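K.L.:
Input file: my_file_13.txt. Contents: compact mmCIF, C-alpha atoms and all ligand atoms.
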# COMPACT_ATOMS: atom_id res chain seq x y z
CA MET A 1 -82.05 24.21 19.51
CA LEU A 2 -84.54 24.61 16.69
CA LYS A 3 -84.65 22.00 13.99
CA ASP A 4 -86.11 24.04 11.18
CA LEU A 5 -86.59 27.78 11.44
CA LYS A 6 -88.72 27.81 8.29
CA VAL A 7 -91.48 26.04 10.22
CA ASN A 8 -92.17 29.25 12.13
CA LYS A 9 -94.24 31.21 9.67
CA LYS A 10 -95.77 33.45 12.31
CA MET A 11 -94.56 37.01 12.59
CA ILE A 12 -92.36 37.77 15.61
CA LYS A 13 -93.41 41.23 16.66
CA TYR A 14 -91.09 43.73 18.27
CA TRP A 15 -93.74 44.19 20.92
CA ASP A 16 -97.19 42.74 21.54
CA TYR A 17 -99.50 43.67 24.40
CA LEU A 18 -102.24 41.26 23.39
CA ARG A 19 -100.49 38.26 24.92
CA GLU A 20 -100.28 40.00 28.27
CA TYR A 21 -103.90 41.02 27.91
CA LYS A 22 -104.95 37.41 27.35
CA LYS A 23 -103.23 36.42 30.59
CA LEU A 24 -104.52 39.34 32.68
CA LYS A 25 -107.87 39.81 30.93
CA ARG A 26 -110.07 38.78 33.85
CA GLU A 27 -108.19 40.94 36.36
CA ILE A 28 -108.10 43.93 34.02
CA LEU A 29 -111.77 43.77 33.13
CA ASN A 30 -112.73 43.36 36.80
CA SER A 31 -110.77 46.41 37.83
CA VAL A 32 -112.02 48.53 34.95
CA ASN A 33 -115.58 47.48 35.77
CA LYS A 34 -114.99 48.44 39.40
CA VAL A 35 -113.91 51.92 38.31
CA PHE A 36 -116.94 52.38 36.07
CA LYS A 37 -119.23 51.33 38.90
CA SER A 38 -117.48 53.58 41.44
CA GLY A 39 -118.81 56.80 39.93
CA THR A 40 -115.33 58.39 39.96
CA LEU A 41 -113.26 58.58 36.78
CA PHE A 42 -110.53 61.02 37.91
CA PHE A 43 -108.66 61.75 41.14
CA GLY A 44 -110.25 58.85 43.04
CA GLN A 45 -109.21 55.94 45.24
CA GLU A 46 -107.31 54.07 42.49
CA LEU A 47 -105.00 57.05 41.92
CA ILE A 48 -104.45 57.53 45.66
CA LYS A 49 -103.65 53.82 46.03
CA PHE A 50 -101.32 53.83 43.03
CA GLU A 51 -99.45 56.93 44.18
CA LYS A 52 -98.79 55.17 47.50
CA ASN A 53 -97.90 51.87 45.80
CA PHE A 54 -95.44 53.38 43.39
CA CYS A 55 -93.71 55.55 46.02
CA LYS A 56 -93.18 52.44 48.14
CA PHE A 57 -91.76 50.54 45.17
CA ASN A 58 -89.52 53.47 44.30
CA ASN A 59 -88.38 54.42 47.80
CA SER A 60 -89.58 57.99 47.31
CA LYS A 61 -91.48 60.07 49.86
CA TYR A 62 -93.90 61.72 47.46
CA GLY A 63 -95.44 60.69 44.16
CA ILE A 64 -97.87 62.22 41.66
CA GLY A 65 -99.66 60.46 38.82
CA VAL A 66 -99.82 62.47 35.59
CA GLY A 67 -100.98 62.01 32.00
CA SER A 68 -97.67 60.94 30.43
CA GLY A 69 -93.91 60.79 30.84
CA THR A 70 -93.64 63.87 28.62
CA ASP A 71 -95.92 65.82 30.98
CA ALA A 72 -93.94 64.55 33.99
CA LEU A 73 -90.72 66.01 32.55
CA PHE A 74 -92.39 69.32 31.70
CA ILE A 75 -93.99 69.65 35.14
CA ALA A 76 -90.71 68.76 36.88
CA LEU A 77 -88.79 71.44 34.96
CA LYS A 78 -91.50 74.06 35.54
CA ALA A 79 -91.55 73.26 39.25
CA LEU A 80 -87.81 73.96 39.35
CA GLY A 81 -88.43 77.33 37.70
CA VAL A 82 -86.91 76.46 34.31
CA GLY A 83 -87.95 78.89 31.57
CA ILE A 84 -86.82 81.39 28.96
CA GLY A 85 -83.13 82.28 29.29
CA ASP A 86 -82.23 79.02 31.06
CA GLU A 87 -80.27 76.07 29.79
CA VAL A 88 -80.76 72.40 30.51
CA ILE A 89 -78.14 69.73 29.94
CA THR A 90 -79.11 66.35 28.54
CA VAL A 91 -78.15 63.81 25.86
CA SER A 92 -79.07 63.73 22.19
CA ASN A 93 -79.53 59.95 21.96
CA THR A 94 -82.87 59.85 23.68
CA ALA A 95 -86.56 59.78 22.85
CA ILE A 96 -87.84 63.07 21.44
CA PRO A 97 -89.98 63.83 24.54
CA THR A 98 -86.92 64.36 26.77
CA VAL A 99 -85.91 67.32 24.64
CA ALA A 100 -89.41 68.46 23.62
CA SER A 101 -90.31 68.91 27.30
CA ILE A 102 -87.27 71.09 27.89
CA ILE A 103 -88.00 73.24 24.83
CA ASN A 104 -91.65 73.59 25.89
CA THR A 105 -90.52 75.40 29.06
CA GLY A 106 -88.82 78.06 26.89
CA ALA A 107 -85.32 76.90 27.90
CA LYS A 108 -82.57 75.83 25.52
CA VAL A 109 -80.78 72.50 25.48
CA ARG A 110 -77.10 71.78 25.69
CA PHE A 111 -76.17 68.27 24.71
CA VAL A 112 -73.33 66.19 26.11
CA ASP A 113 -72.00 63.11 24.40
CA ILE A 114 -72.53 59.57 25.62
CA GLY A 115 -70.07 56.86 26.57
CA LYS A 116 -69.75 53.35 25.15
CA ASP A 117 -72.60 52.33 27.47
CA SER A 118 -74.98 54.72 25.61
CA LEU A 119 -75.39 56.84 28.76
CA MET A 120 -74.45 60.45 29.56
CA ASP A 121 -70.66 60.75 29.72
CA ILE A 122 -70.08 62.52 33.02
CA ILE A 123 -66.59 63.65 32.01
CA LYS A 124 -68.23 65.83 29.32
CA ILE A 125 -70.79 67.54 31.56
CA LYS A 126 -68.49 70.27 32.90
CA ASP A 127 -67.86 71.65 29.39
CA ALA A 128 -71.59 72.22 28.96
CA ILE A 129 -72.11 74.18 32.19
CA ASN A 130 -72.32 77.98 32.21
CA SER A 131 -74.11 80.70 34.19
CA LYS A 132 -77.45 79.92 32.47
CA THR A 133 -77.42 76.21 33.30
CA LYS A 134 -80.18 75.25 35.72
CA VAL A 135 -80.83 71.54 35.45
CA ILE A 136 -79.21 68.31 34.31
CA VAL A 137 -81.53 65.65 32.87
CA PRO A 138 -79.77 62.27 32.94
CA VAL A 139 -81.67 59.75 30.83
CA HIS A 140 -81.60 56.21 32.21
CA LEU A 141 -81.71 54.87 28.68
CA PHE A 142 -82.60 51.28 27.75
CA GLY A 143 -83.15 50.39 31.42
CA GLN A 144 -79.94 51.22 33.25
CA THR A 145 -79.11 54.31 35.25
CA CYS A 146 -76.45 56.86 34.41
CA ASP A 147 -73.45 57.29 36.71
CA MET A 148 -75.48 59.03 39.40
CA SER A 149 -72.59 59.47 41.88
CA GLY A 150 -70.73 61.50 39.27
CA ILE A 151 -73.80 63.50 38.25
CA LEU A 152 -74.78 64.21 41.87
CA SER A 153 -71.33 65.49 42.74
CA ILE A 154 -71.26 67.79 39.67
CA SER A 155 -74.72 69.13 40.51
CA LYS A 156 -73.63 69.84 44.07
CA LYS A 157 -70.47 71.62 42.96
CA TYR A 158 -72.27 73.84 40.42
CA ASN A 159 -75.55 74.15 42.32
CA LEU A 160 -77.67 72.51 39.64
CA LYS A 161 -80.87 70.52 39.99
CA ILE A 162 -81.32 66.98 38.68
CA VAL A 163 -84.41 65.66 36.93
CA GLU A 164 -83.99 61.95 36.24
CA ASP A 165 -85.66 60.76 33.04
CA CYS A 166 -86.69 57.28 34.20
CA ALA A 167 -89.15 56.62 31.38
CA GLN A 168 -87.08 53.58 30.39
CA GLY A 169 -85.55 52.87 33.78
CA CYS A 170 -88.48 52.00 36.04
CA GLY A 171 -87.15 49.60 38.69
CA ALA A 172 -83.50 50.02 37.70
CA LEU A 173 -80.99 50.30 40.54
CA TYR A 174 -77.79 52.28 40.94
CA LYS A 175 -75.75 51.06 43.93
CA ASN A 176 -79.01 49.59 45.25
CA GLN A 177 -80.88 52.88 44.96
CA LYS A 178 -83.92 53.08 42.70
CA ALA A 179 -83.79 55.17 39.53
CA GLY A 180 -85.70 58.36 40.23
CA SER A 181 -84.94 58.42 43.95
CA MET A 182 -81.49 60.04 43.72
CA GLY A 183 -82.02 63.38 41.94
CA ASP A 184 -84.42 66.18 42.89
CA ILE A 185 -87.25 64.70 40.80
CA GLY A 186 -87.82 61.38 39.00
CA CYS A 187 -90.03 61.22 35.88
CA TYR A 188 -91.67 58.02 34.62
CA SER A 189 -93.70 56.91 31.64
CA PHE A 190 -96.36 54.22 31.76
CA TYR A 191 -96.74 54.12 27.98
CA PRO A 192 -97.85 50.52 27.25
CA THR A 193 -94.44 49.30 26.03
CA LYS A 194 -92.68 50.42 29.19
CA ILE A 195 -91.54 48.23 32.11
CA LEU A 196 -94.77 49.11 33.91
CA GLY A 197 -97.21 49.80 31.09
CA ALA A 198 -100.74 51.15 31.29
CA TYR A 199 -103.37 50.45 28.62
CA GLY A 200 -103.14 54.01 27.38
CA ASP A 201 -100.98 56.98 28.41
CA GLY A 202 -99.69 57.60 31.91
CA GLY A 203 -96.79 59.14 33.75
CA PHE A 204 -95.46 59.77 37.25
CA LEU A 205 -93.32 62.16 39.31
CA THR A 206 -91.35 61.25 42.42
CA THR A 207 -89.53 63.48 44.89
CA ASN A 208 -88.40 63.59 48.50
CA ASN A 209 -88.92 67.35 48.70
CA LYS A 210 -92.29 68.41 50.16
CA LYS A 211 -92.29 71.88 48.59
CA LEU A 212 -91.54 70.48 45.13
CA TYR A 213 -94.25 67.86 45.66
CA GLU A 214 -96.84 70.50 46.49
CA LYS A 215 -95.86 72.64 43.53
CA MET A 216 -95.90 69.72 41.06
CA HIS A 217 -99.23 68.57 42.51
CA ARG A 218 -100.69 71.97 41.64
CA LEU A 219 -98.99 72.18 38.23
CA ARG A 220 -100.55 68.92 37.04
CA PHE A 221 -104.00 70.48 37.38
CA PHE A 222 -104.02 74.15 36.38
CA GLY A 223 -102.08 75.25 39.45
CA ILE A 224 -105.04 74.54 41.75
CA ASP A 225 -104.33 73.51 45.34
CA THR A 226 -106.23 70.24 45.76
CA LEU A 227 -104.07 69.01 48.64
CA ASN A 228 -105.47 71.31 51.31
CA LYS A 229 -108.88 69.85 52.08
CA ASN A 230 -109.68 72.57 54.65
CA LYS A 231 -109.84 75.34 52.07
CA LYS A 232 -113.25 76.63 51.05
CA TRP A 233 -114.85 74.73 48.19
CA SER A 234 -114.59 77.65 45.73
CA ASN A 235 -110.78 77.35 45.84
CA LYS A 236 -111.02 74.32 43.58
CA TYR A 237 -111.65 76.86 40.83
CA TYR A 238 -108.70 79.08 41.78
CA SER A 239 -105.21 78.81 40.19
CA ILE A 240 -102.21 79.60 42.34
CA ASP A 241 -99.71 78.76 39.57
CA HIS A 242 -100.08 78.63 35.81
CA GLY A 243 -100.25 74.88 35.28
CA ILE A 244 -101.46 72.29 32.78
CA ASN A 245 -104.09 69.57 32.72
CA SER A 246 -102.33 66.22 33.11
CA ARG A 247 -104.39 63.55 34.82
CA LEU A 248 -103.68 59.87 35.37
CA ASP A 249 -107.27 58.62 35.14
CA GLU A 250 -108.85 56.03 37.42
CA ILE A 251 -108.97 53.34 34.72
CA GLN A 252 -105.24 53.55 34.01
CA ALA A 253 -104.46 53.82 37.75
CA SER A 254 -106.51 50.68 38.46
CA ILE A 255 -104.69 48.70 35.75
CA LEU A 256 -101.33 49.96 37.03
CA ASN A 257 -102.30 48.96 40.58
CA LEU A 258 -102.96 45.39 39.51
CA LYS A 259 -99.84 45.24 37.34
CA MET A 260 -97.70 46.40 40.29
CA LYS A 261 -98.10 42.85 41.65
CA TYR A 262 -96.19 41.56 38.65
CA ILE A 263 -93.57 44.27 38.15
CA ASN A 264 -90.69 42.31 39.65
CA SER A 265 -91.57 39.22 37.63
CA PHE A 266 -91.77 41.37 34.46
CA ILE A 267 -88.29 42.72 35.22
CA ASN A 268 -86.89 39.26 35.98
CA LYS A 269 -88.30 37.90 32.73
CA ARG A 270 -86.66 40.74 30.78
CA ARG A 271 -83.37 40.08 32.56
CA SER A 272 -83.49 36.38 31.77
CA ILE A 273 -84.16 37.08 28.06
CA ALA A 274 -81.21 39.51 28.10
CA GLN A 275 -79.05 36.82 29.68
CA LYS A 276 -79.93 34.46 26.83
CA TYR A 277 -79.06 37.10 24.24
CA PHE A 278 -75.74 37.73 26.01
CA MET A 279 -74.90 34.04 26.05
CA GLU A 280 -76.04 33.01 22.60
CA LEU A 281 -75.62 35.93 20.20
CA LYS A 282 -72.31 35.16 18.63
CA GLY A 283 -72.02 36.92 15.31
CA PRO A 284 -68.76 38.67 14.45
CA ASP A 285 -68.85 42.49 14.75
CA ILE A 286 -71.93 42.44 16.97
CA GLU A 287 -71.57 45.03 19.73
CA MET A 288 -73.38 43.85 22.82
CA PRO A 289 -74.83 46.26 25.40
CA ILE A 290 -72.51 47.27 28.23
CA VAL A 291 -73.94 46.73 31.71
CA ASN A 292 -72.16 48.81 34.33
CA LYS A 293 -71.13 47.01 37.51
CA LYS A 294 -73.00 49.31 39.89
CA ASN A 295 -76.22 48.84 37.96
CA PHE A 296 -79.23 46.57 38.08
CA HIS A 297 -80.39 46.79 34.45
CA VAL A 298 -84.11 46.27 33.78
CA PHE A 299 -83.72 45.89 29.98
CA HIS A 300 -86.54 48.01 28.69
CA ILE A 301 -84.60 47.84 25.42
CA PHE A 302 -81.92 45.38 24.32
CA ALA A 303 -79.88 47.44 21.85
CA VAL A 304 -77.01 45.83 19.97
CA GLY A 305 -74.80 47.33 17.31
CA HIS A 306 -73.53 46.22 13.90
CA PRO A 307 -72.04 48.22 11.00
CA ARG A 308 -74.46 46.50 8.55
CA ARG A 309 -77.59 47.21 10.55
CA GLU A 310 -79.90 48.00 7.62
CA LEU A 311 -79.07 44.72 5.94
CA ILE A 312 -79.66 42.74 9.13
CA LEU A 313 -83.03 44.42 9.68
CA LYS A 314 -84.04 43.74 6.09
CA LYS A 315 -83.03 40.10 6.23
CA MET A 316 -84.74 39.62 9.59
CA ARG A 317 -87.93 41.18 8.17
CA SER A 318 -87.82 38.66 5.33
CA LYS A 319 -87.84 35.97 8.04
CA ASN A 320 -90.91 37.61 9.59
CA ILE A 321 -88.98 38.97 12.55
CA ASN A 322 -89.45 42.64 13.38
CA LEU A 323 -86.62 44.54 15.06
CA ASN A 324 -86.52 48.24 15.94
CA ILE A 325 -84.03 51.12 16.21
CA HIS A 326 -83.65 53.31 19.31
CA TYR A 327 -82.90 55.80 17.88
CA PRO A 328 -82.04 56.28 14.22
CA TYR A 329 -81.75 60.10 14.50
CA PRO A 330 -80.05 61.86 17.41
CA ILE A 331 -82.16 64.88 18.43
CA HIS A 332 -79.54 67.47 17.41
CA MET A 333 -79.77 66.18 13.83
CA MET A 334 -83.51 66.70 13.55
CA LYS A 335 -84.80 69.73 11.67
CA ALA A 336 -87.23 70.61 14.46
CA TYR A 337 -84.56 70.91 17.12
CA LYS A 338 -81.56 72.47 15.40
CA LYS A 339 -82.67 75.99 16.32
CA PHE A 340 -83.19 75.15 19.99
CA THR A 341 -79.77 73.71 20.66
CA TYR A 342 -76.41 75.34 21.10
CA GLY A 343 -73.46 75.21 18.77
CA LYS A 344 -72.85 72.82 15.92
CA CYS A 345 -72.99 69.74 18.13
CA ASN A 346 -70.11 68.39 16.06
CA TYR A 347 -68.60 66.96 19.22
CA LEU A 348 -71.25 64.27 19.74
CA PHE A 349 -69.06 61.58 18.20
CA GLU A 350 -70.26 58.56 20.14
CA THR A 351 -73.91 59.66 19.83
CA GLU A 352 -73.68 59.87 16.03
CA LYS A 353 -71.65 56.68 15.76
CA LYS A 354 -74.16 54.67 17.78
CA ALA A 355 -77.16 56.09 15.88
CA LYS A 356 -75.77 54.58 12.69
CA MET A 357 -75.33 51.06 14.01
CA ILE A 358 -77.69 50.24 16.86
CA PHE A 359 -80.81 48.14 16.60
CA SER A 360 -83.13 46.68 19.21
CA LEU A 361 -84.22 43.08 19.75
CA PRO A 362 -87.63 42.07 21.13
CA ILE A 363 -87.52 41.69 24.92
CA TYR A 364 -91.07 41.89 26.28
CA PRO A 365 -92.05 39.49 29.08
CA SER A 366 -94.62 37.53 27.04
CA ILE A 367 -92.30 36.65 24.16
CA ASN A 368 -91.74 32.87 24.20
CA ASN A 369 -88.54 30.81 24.19
CA TYR A 370 -89.12 29.57 20.68
CA GLU A 371 -89.26 33.12 19.40
CA ILE A 372 -86.12 34.15 21.29
CA GLU A 373 -84.29 31.10 19.88
CA SER A 374 -85.48 32.01 16.41
CA ILE A 375 -84.24 35.60 16.76
CA ILE A 376 -80.83 34.45 18.02
CA GLN A 377 -80.34 31.77 15.38
CA ASN A 378 -81.37 34.02 12.53
CA ILE A 379 -79.13 36.88 13.60
CA ASN A 380 -76.17 34.57 14.12
CA LYS A 381 -76.72 33.06 10.71
CA ILE A 382 -77.14 36.41 8.91
CA VAL A 383 -74.17 38.03 10.61
CA SER A 384 -71.87 35.08 9.93
CA LYS A 385 -72.50 35.51 6.19
CA ILE A 386 -71.99 39.28 5.98
C1 LIG R 401 -86.48 58.40 27.47
C2 LIG R 401 -87.92 58.81 27.41
N1 LIG R 401 -88.31 59.97 27.96
C3 LIG R 401 -89.58 60.37 27.96
C4 LIG R 401 -90.58 59.61 27.37
C5 LIG R 401 -91.97 60.13 27.31
O1 LIG R 401 -92.95 59.30 27.85
P1 LIG R 401 -94.44 59.30 27.31
O2 LIG R 401 -94.48 58.57 26.03
O3 LIG R 401 -95.21 58.61 28.40
O4 LIG R 401 -94.87 60.72 27.17
C6 LIG R 401 -90.23 58.38 26.79
C7 LIG R 401 -91.23 57.49 26.18
O5 LIG R 401 -91.47 57.51 25.00
C8 LIG R 401 -88.86 57.97 26.80
O6 LIG R 401 -88.48 56.80 26.25
How does the structure come out when it is put into C-alpha cells?
P.N.:
Amino acid sequence: MLKDLKVNKKMIKYWDYLREYKKLKREILNSVNKVFKSGTLFFGQELIKFEKNFCKFNNSKYGIGVGSGTDALFIALKALGVGIGDEVITVSNTAIPTVASIINTGAKVRFVDIGKDSLMDIIKIKDAINSKTKVIVPVHLFGQTCDMSGILSISKKYNLKIVEDCAQGCGALYKNQKAGSMGDIGCYSFYPTKILGAYGDGGFLTTNNKKLYEKMHRLRFFGIDTLNKNKKWSNKYYSIDHGINSRLDEIQASILNLKMKYINSFINKRRSIAQKYFMELKGPDIEMPIVNKKNFHVFHIFAVGHPRRELILKKMRSKNINLNIHYPYPIHMMKAYKKFTYGKCNYLFETEKKAKMIFSLPIYPSINNYEIESIIQNINKIVSKI
C-alpha cells in the first residue's frame, strides 16, 4: 500500500508510448534502419513476413496488411458487395470508424442495443433484419468478443455475412477461437494504443475464403491484381475493381513484426492489471466490467461505470491522473450520423445509459505498479466520499 499519495506529483497518463519506446528503442531503430537500407518502402519482405506472422497468430488462412482499421472495415464491406440500398447491422456504442466505414460504402446502418456487458445484444438482432440487410458487424469492444455462436447462427439462418470489428479485440478468444477467425472477415487496427500497436497507422484483414482474400487484396491497391506474378508487367497499371490506396508500409510492418514477439506478454500484462482493478476497486456504486465465461478478454480498455462520472474524472485530474471515456456519445446521437441511421433509435436504452456513466482506467503494459495503486486508492477514496 502507498504511504502518501501526495508524494507522486508526476502525471499518470491515460496512455504513454514513450515508455515502451525506451524499452524497445534499439530493436525498433535497427529494424527501421534495415528497411531504409533495403531500398523497398512498400509491399516488401517485411509486409510479407508480417502477413504470415499475423495469420499464424490469428489462426486465419489469409491476411492482408492495410493502412488502418477504418480502411480494413471499408475494404471488407466493399468485398462483400455492400453499397447503396443495403443495410448493415452494428452497435452504436463503438468508435466512430465502425459506422463511418459502413456509411462510406453508401449503405445505411441499423443499430441494435447492447447488453450489460457492453456488447451487441444478440436477442435484439432479429428485429433489425429486413430484406435489405447484408452484413452484421459485431464489435469486440474493450477487448472481449461478442457472443459469436449466437451471431453465427443468426447469420446462417438469414443468409447474412459477418465482418468482425476486432480493432479492440486483437488476441481475444471466444470458446478458444481467435477474434476475427469466426466470421467471414476480421478487421484489425494497429493504431499505436491498440493491443498490437504500430508507430503510426496500420490495419489488417483476415479471412479463410480465398475469393474474398483475392478481392480484398486488389481493393487495397486500386483494384490491381498484384497476386498473379505471371501476368505481363503492364497489368500492374490495370484496375480490375474500383479500389482504394491503403498500404501498410514496410516501416510499420517491420515494427509490428518485432512487436509480435511480445504480443502475448502485452496481453498478459493487461490481464494482470485488470485483475488488480477487479480485486481492489471497492467504491460503492462502481460498476465493474462483465467478463463473459466463454471469453478470454484482452483488456484493450478497462471501462467502469459510476453515476457521478464527471465528478470522479475532475477529482482524478486534480490528482494528476488522467482517465478517459469510451465513448461519451453513442453514434446515433451525433449530428453527422443521424441522417444515415434508421428510425429514432429510441430503443437503445442500455447504449444511452452506459454512455452517461462509463469511464476508462489506464491499462497499458508499461504502466507501473505504483501508478496502478495510486489510481485504485484515489478512486476508492473519491467514491467513498460521494
Ligand atoms: C472499434 C474500432 N473500430 C475501428 C477502429 C478504426 O481503427 P483505425 O484507427 O486504425 O482506423 C477503431 C480504432 O480507433 C476502433 O476502436
K.L.:
When you look at range 17-24 of chain A with a cut-off of 9 Å (counting all atoms listed in the file), what residues show up, excluding the ones that are within fewer than 5 positions of it in the same chain? I need them as a list of chain:residue names.
P.N.:
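Selected residues are A:Leu29, A:Pro192, A:Thr193, A:Tyr199, A:Lys259, A:Tyr364, A:Pro365, A:Ser366, A:Ile367.
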K.L.:
Using 5 Å of padding on each side, determine the axis-aligned box around all atoms of range 263-274 of chain A present in the file and give its centre and edge lengths in Å to one decimal, as AutoDock Vina command-line options.
P.N.:
--center_x -87.4 --center_y 40.3 --center_z 33.9 --size_x 22.4 --size_y 17.9 --size_z 21.6
K.L.:
Figure out the distance between CA of Ala167 in chain A and CA of Phe57 in chain A, please, to one decimal in Å.
P.N.:
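It comes out at 15.3 Å.
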K.L.:
Hey, which residues come within 8 Å of ligand LIG 401 (chain R) if we count only C-alpha atoms and all ligand atoms? Could you give them as a ChimeraX atom specification?
P.N.:
/A:67-73,94-98,139-141,165-168,187-191,194,201-203
K.L.:
How about saving the chosen residues, C-alpha atoms kept, as a tab-separated table (two decimals), in the coordinates of the input?
P.N.:
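Below is the file out-v1.tsv, written as the result:
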chain	number	residue	atom	x	y	z
A	67	GLY	CA	-100.98	62.01	32.00
A	68	SER	CA	-97.67	60.94	30.43
A	69	GLY	CA	-93.91	60.79	30.84
A	70	THR	CA	-93.64	63.87	28.62
A	71	ASP	CA	-95.92	65.82	30.98
A	72	ALA	CA	-93.94	64.55	33.99
A	73	LEU	CA	-90.72	66.01	32.55
A	94	THR	CA	-82.87	59.85	23.68
A	95	ALA	CA	-86.56	59.78	22.85
A	96	ILE	CA	-87.84	63.07	21.44
A	97	PRO	CA	-89.98	63.83	24.54
A	98	THR	CA	-86.92	64.36	26.77
A	139	VAL	CA	-81.67	59.75	30.83
A	140	HIS	CA	-81.60	56.21	32.21
A	141	LEU	CA	-81.71	54.87	28.68
A	165	ASP	CA	-85.66	60.76	33.04
A	166	CYS	CA	-86.69	57.28	34.20
A	167	ALA	CA	-89.15	56.62	31.38
A	168	GLN	CA	-87.08	53.58	30.39
A	187	CYS	CA	-90.03	61.22	35.88
A	188	TYR	CA	-91.67	58.02	34.62
A	189	SER	CA	-93.70	56.91	31.64
A	190	PHE	CA	-96.36	54.22	31.76
A	191	TYR	CA	-96.74	54.12	27.98
A	194	LYS	CA	-92.68	50.42	29.19
A	201	ASP	CA	-100.98	56.98	28.41
A	202	GLY	CA	-99.69	57.60	31.91
A	203	GLY	CA	-96.79	59.14	33.75
K.L.:
For Asn93 in chain A, which residue among A:Gly169, A:Pro138, A:Gly305, A:Gly200 is the nearest when counting all atoms listed in the file?
P.N.:
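Residue with the minimum atom-to-atom distance to Asn93 in chain A: A:Pro138.
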K.L.:
Just the number, please: distance in Å from CA of Met279 in chain A to CA of Phe349 in chain A, one decimal.
P.N.:
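Taking CA of Met279 in chain A and CA of Phe349 in chain A, their separation equals 29.2 Å.
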K.L.:
Could you please determine the separation between CA of Met334 in chain A and CA of Gln144 in chain A in Å, to one decimal place?
P.N.:
25.3 Å
K.L.:
Of the residues A:Glu373, A:Glu280, A:Glu27, A:Asp117, which is the one nearest to Ala303 in chain A, using only C-alpha atoms?
P.N.:
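For Ala303 in chain A, the nearest of the given residues is A:Asp117.
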K.L.:
Go through A:Leu281, A:Ile325, A:Val109, A:Ile129 one by one, measure the shortest atom-to-atom distance of each to Ala355 in chain A using only C-alpha atoms, and give the residue with the smallest value.
P.N.:
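Among A:Leu281, A:Ile325, A:Val109, A:Ile129, it is A:Ile325 that comes nearest to Ala355 in chain A.
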